[in-house]
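Structure file coords-v6.pdb; described as PDB, C-alpha atoms, pLDDT in the B column.
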```
ATOM      1  CA  MET A   1    -200.459-190.096  60.770  1.00 82.00           C
ATOM      2  CA  LYS A   2    -197.416-191.854  59.339  1.00 81.00           C
ATOM      3  CA  PRO A   3    -196.506-188.874  57.080  1.00 86.00           C
ATOM      4  CA  TYR A   4    -196.256-186.735  60.232  1.00 84.00           C
ATOM      5  CA  SER A   5    -194.090-189.142  62.216  1.00 80.00           C
ATOM      6  CA  GLY A   6    -191.276-187.376  63.996  1.00 80.00           C
ATOM      7  CA  ARG A   7    -193.000-183.993  64.115  1.00 84.00           C
ATOM      8  CA  LYS A   8    -192.560-182.138  67.385  1.00 84.00           C
ATOM      9  CA  VAL A   9    -195.339-180.668  69.489  1.00 85.00           C
ATOM     10  CA  VAL A  10    -195.660-178.802  72.759  1.00 85.00           C
ATOM     11  CA  THR A  11    -198.446-179.680  75.166  1.00 83.00           C
ATOM     12  CA  TYR A  12    -199.980-177.379  77.753  1.00 81.00           C
ATOM     13  CA  HIS A  13    -199.664-180.080  80.394  1.00 73.00           C
ATOM     14  CA  ARG A  14    -199.084-183.782  80.641  1.00 71.00           C
ATOM     15  CA  SER A  15    -202.348-184.938  79.055  1.00 73.00           C
ATOM     16  CA  TRP A  16    -201.125-185.064  75.474  1.00 75.00           C
ATOM     17  CA  PRO A  17    -197.579-186.521  75.496  1.00 67.00           C
ATOM     18  CA  ASN A  18    -198.934-190.069  75.567  1.00 72.00           C
ATOM     19  CA  PHE A  19    -201.205-189.256  72.615  1.00 74.00           C
ATOM     20  CA  ALA A  20    -198.323-187.675  70.713  1.00 71.00           C
ATOM     21  CA  ASN A  21    -195.726-190.306  71.529  1.00 67.00           C
ATOM     22  CA  THR A  22    -197.840-193.440  71.321  1.00 64.00           C
ATOM     23  CA  LEU A  23    -200.422-192.790  68.650  1.00 60.00           C
ATOM     24  CA  VAL A  24    -198.563-190.586  66.229  1.00 56.00           C
ATOM     25  CA  SER A  25    -194.854-191.110  67.100  1.00 53.00           C
ATOM     26  CA  MET A  26    -194.000-187.493  67.843  1.00 56.00           C
ATOM     27  CA  SER A  27    -191.663-185.761  70.222  1.00 58.00           C
ATOM     28  CA  SER A  28    -193.229-183.496  72.814  1.00 60.00           C
ATOM     29  CA  ALA A  29    -192.361-180.973  75.493  1.00 63.00           C
ATOM     30  CA  THR A  30    -194.700-179.838  78.245  1.00 62.00           C
ATOM     31  CA  LEU A  31    -195.353-176.278  79.406  1.00 60.00           C
ATOM     32  CA  SER A  32    -196.821-176.926  82.855  1.00 52.00           C
ATOM     33  CA  ALA A  33    -198.551-179.431  85.092  1.00 43.00           C
ATOM     34  CA  PRO A  34    -202.332-179.292  85.535  1.00 44.00           C
ATOM     35  CA  ARG A  35    -203.651-176.504  87.759  1.00 49.00           C
ATOM     36  CA  HIS A  36    -200.341-174.637  87.759  1.00 54.00           C
ATOM     37  CA  SER A  37    -199.572-171.485  85.854  1.00 60.00           C
ATOM     38  CA  PRO A  38    -196.359-171.779  83.883  1.00 63.00           C
ATOM     39  CA  LYS A  39    -193.405-169.943  85.397  1.00 71.00           C
ATOM     40  CA  SER A  40    -192.071-167.106  83.245  1.00 82.00           C
ATOM     41  CA  GLN A  41    -188.560-168.604  83.070  1.00 82.00           C
ATOM     42  CA  HIS A  42    -189.974-171.934  81.890  1.00 82.00           C
ATOM     43  CA  THR A  43    -192.044-170.137  79.265  1.00 86.00           C
ATOM     44  CA  VAL A  44    -188.956-168.284  77.987  1.00 88.00           C
ATOM     45  CA  GLU A  45    -187.005-171.559  77.836  1.00 86.00           C
ATOM     46  CA  LEU A  46    -189.862-173.251  76.004  1.00 87.00           C
ATOM     47  CA  ILE A  47    -190.034-170.444  73.414  1.00 92.00           C
ATOM     48  CA  GLY A  48    -186.306-170.874  72.813  1.00 92.00           C
ATOM     49  CA  LEU A  49    -186.692-174.642  72.444  1.00 89.00           C
ATOM     50  CA  MET A  50    -189.604-174.239  70.026  1.00 90.00           C
ATOM     51  CA  LYS A  51    -187.675-171.774  67.874  1.00 93.00           C
ATOM     52  CA  ARG A  52    -184.523-173.888  67.927  1.00 91.00           C
ATOM     53  CA  ASP A  53    -186.318-177.153  67.118  1.00 87.00           C
ATOM     54  CA  GLY A  54    -188.915-175.738  64.716  1.00 89.00           C
ATOM     55  CA  VAL A  55    -191.898-176.791  66.851  1.00 90.00           C
ATOM     56  CA  ARG A  56    -195.045-175.465  65.181  1.00 91.00           C
ATOM     57  CA  SER A  57    -197.906-177.101  67.128  1.00 90.00           C
ATOM     58  CA  PHE A  58    -199.098-176.395  70.672  1.00 90.00           C
ATOM     59  CA  LEU A  59    -201.688-178.872  72.018  1.00 89.00           C
ATOM     60  CA  VAL A  60    -204.139-177.685  74.664  1.00 91.00           C
ATOM     61  CA  GLU A  61    -207.468-178.735  76.154  1.00 91.00           C
ATOM     62  CA  PRO A  62    -210.542-176.518  75.698  1.00 93.00           C
ATOM     63  CA  TYR A  63    -210.922-175.768  79.417  1.00 91.00           C
ATOM     64  CA  PHE A  64    -207.538-174.001  79.774  1.00 89.00           C
ATOM     65  CA  ASP A  65    -207.068-170.281  79.271  1.00 89.00           C
ATOM     66  CA  LEU A  66    -205.510-169.791  75.834  1.00 92.00           C
ATOM     67  CA  LYS A  67    -203.703-166.545  76.728  1.00 91.00           C
ATOM     68  CA  THR A  68    -200.287-168.135  77.342  1.00 88.00           C
ATOM     69  CA  PRO A  69    -200.456-170.685  74.489  1.00 91.00           C
ATOM     70  CA  ASN A  70    -201.565-167.960  72.049  1.00 94.00           C
ATOM     71  CA  ALA A  71    -198.744-165.626  73.177  1.00 93.00           C
ATOM     72  CA  ILE A  72    -196.177-168.401  72.740  1.00 93.00           C
ATOM     73  CA  ALA A  73    -197.639-169.271  69.336  1.00 94.00           C
ATOM     74  CA  ARG A  74    -197.306-165.645  68.229  1.00 96.00           C
ATOM     75  CA  ASP A  75    -193.658-165.598  69.337  1.00 95.00           C
ATOM     76  CA  THR A  76    -192.766-168.895  67.659  1.00 95.00           C
ATOM     77  CA  GLY A  77    -194.997-169.146  64.593  1.00 94.00           C
ATOM     78  CA  ALA A  78    -196.760-172.161  66.096  1.00 94.00           C
ATOM     79  CA  LYS A  79    -200.437-173.016  65.837  1.00 94.00           C
ATOM     80  CA  VAL A  80    -202.511-173.636  68.960  1.00 95.00           C
ATOM     81  CA  VAL A  81    -204.480-176.848  68.524  1.00 94.00           C
ATOM     82  CA  VAL A  82    -207.430-177.325  70.865  1.00 96.00           C
ATOM     83  CA  LEU A  83    -207.981-181.059  71.208  1.00 94.00           C
ATOM     84  CA  MET A  84    -210.934-182.700  72.900  1.00 95.00           C
ATOM     85  CA  PRO A  85    -209.933-184.853  75.884  1.00 92.00           C
ATOM     86  CA  SER A  86    -213.115-186.902  76.057  1.00 94.00           C
ATOM     87  CA  VAL A  87    -216.257-188.084  74.338  1.00 96.00           C
ATOM     88  CA  GLY A  88    -218.935-185.376  74.286  1.00 96.00           C
ATOM     89  CA  GLY A  89    -216.515-182.449  74.054  1.00 94.00           C
ATOM     90  CA  GLU A  90    -218.196-181.582  70.753  1.00 95.00           C
ATOM     91  CA  LYS A  91    -221.648-182.800  69.773  1.00 96.00           C
ATOM     92  CA  GLU A  92    -220.284-184.918  66.893  1.00 96.00           C
ATOM     93  CA  ILE A  93    -217.906-186.777  69.255  1.00 98.00           C
ATOM     94  CA  THR A  94    -220.212-189.547  70.424  1.00 98.00           C
ATOM     95  CA  ASP A  95    -217.701-192.386  70.925  1.00 98.00           C
ATOM     96  CA  TYR A  96    -213.974-192.976  71.294  1.00 94.00           C
ATOM     97  CA  PHE A  97    -213.433-193.661  67.594  1.00 96.00           C
ATOM     98  CA  LYS A  98    -214.954-190.271  66.752  1.00 97.00           C
ATOM     99  CA  LEU A  99    -212.874-188.662  69.501  1.00 95.00           C
ATOM    100  CA  PHE A 100    -209.632-189.901  67.971  1.00 91.00           C
ATOM    101  CA  ASP A 101    -210.816-189.056  64.444  1.00 94.00           C
ATOM    102  CA  TYR A 102    -211.625-185.519  65.601  1.00 96.00           C
ATOM    103  CA  ASP A 103    -208.324-184.944  67.432  1.00 94.00           C
ATOM    104  CA  ILE A 104    -206.218-186.458  64.655  1.00 92.00           C
ATOM    105  CA  ALA A 105    -207.999-184.313  62.037  1.00 95.00           C
ATOM    106  CA  LYS A 106    -207.277-181.174  64.120  1.00 95.00           C
ATOM    107  CA  LEU A 107    -203.633-182.139  64.468  1.00 91.00           C
ATOM    108  CA  LYS A 108    -203.257-182.869  60.747  1.00 92.00           C
ATOM    109  CA  GLN A 109    -204.800-179.461  59.930  1.00 94.00           C
ATOM    110  CA  ALA A 110    -202.259-177.761  62.178  1.00 92.00           C
ATOM    111  CA  PHE A 111    -199.345-179.697  60.689  1.00 91.00           C
ATOM    112  CA  ASP A 112    -200.457-178.915  57.142  1.00 93.00           C
ATOM    113  CA  ALA A 113    -200.917-175.217  57.998  1.00 93.00           C
ATOM    114  CA  THR A 114    -197.437-174.894  59.512  1.00 88.00           C
ATOM    115  CA  LYS A 115    -195.171-176.783  57.118  1.00 78.00           C
TER     116      LYS A 115
END
```
Rewrite the coordinates I just gave you, this time as structure tokens.
Amino acid sequence: MKPYSGRKVVTYHRSWPNFANTLVSMSSATLSAPRHSPKSQHTVELIGLMKRDGVRSFLVEPYFDLKTPNAIARDTGAKVVVLMPSVGGEKEITDYFKLFDYDIAKLKQAFDATK
């Protein structure tokens, strides 16, 4: 992930900042906390931040409704990246090494698609 160091991402809630900051040295912003719908003012502010800072990746778990992330992605030119939060999220993810390989591959695809 070294070639992507410093890239900025937005996360749907606080699950992914540690992944982004620790594993791949990226900056992140968060849309909302778990189980809370994002407030419209916060969403508007986030869209402005993403446009201003050129954020092109929006990380989200598969169990969240993608309506808001997809709308924000349309407004900002970002790509929604659905990452698996645990082993077994996809049949090929049978251990933690495969989990990280899977999520990192998804993130790299998004970065490459939104240069």
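You can rank A:Leu107, A:Leu66, A:Leu46, A:Val60 by their closest distance to Arg7 in chain A using only C-alpha atoms, and at the top of that list sits A:Leu107.
The nearest approach to Tyr63 in chain A among the residues A:Thr94, A:Lys39, A:Pro85, A:Trp16, with all atoms listed in the file taken into account, belongs to A:Pro85.
Taking CA of Thr68 in chain A as the reference point, CA of Val82 in chain A is found at 13.3 Å.
Of the listed residues (A:Val55, A:Val81, A:Val44, A:Ala73), A:Val81 comes nearest to Lys108 in chain A; the distances count all atoms listed in the file.
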Phe111 in chain A environment, 9 Å, all atoms listed in the file, sequence neighbours closer than 2 positions dropped, as a ChimeraX atom specification: /A:4,7,56-57,79,106-109,113-115
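Taking only C-alpha atoms into account, Phe100 in chain A lies nearest to A:Met84 out of the set A:Ser5, A:Ile72, A:Met84, A:Asn18.
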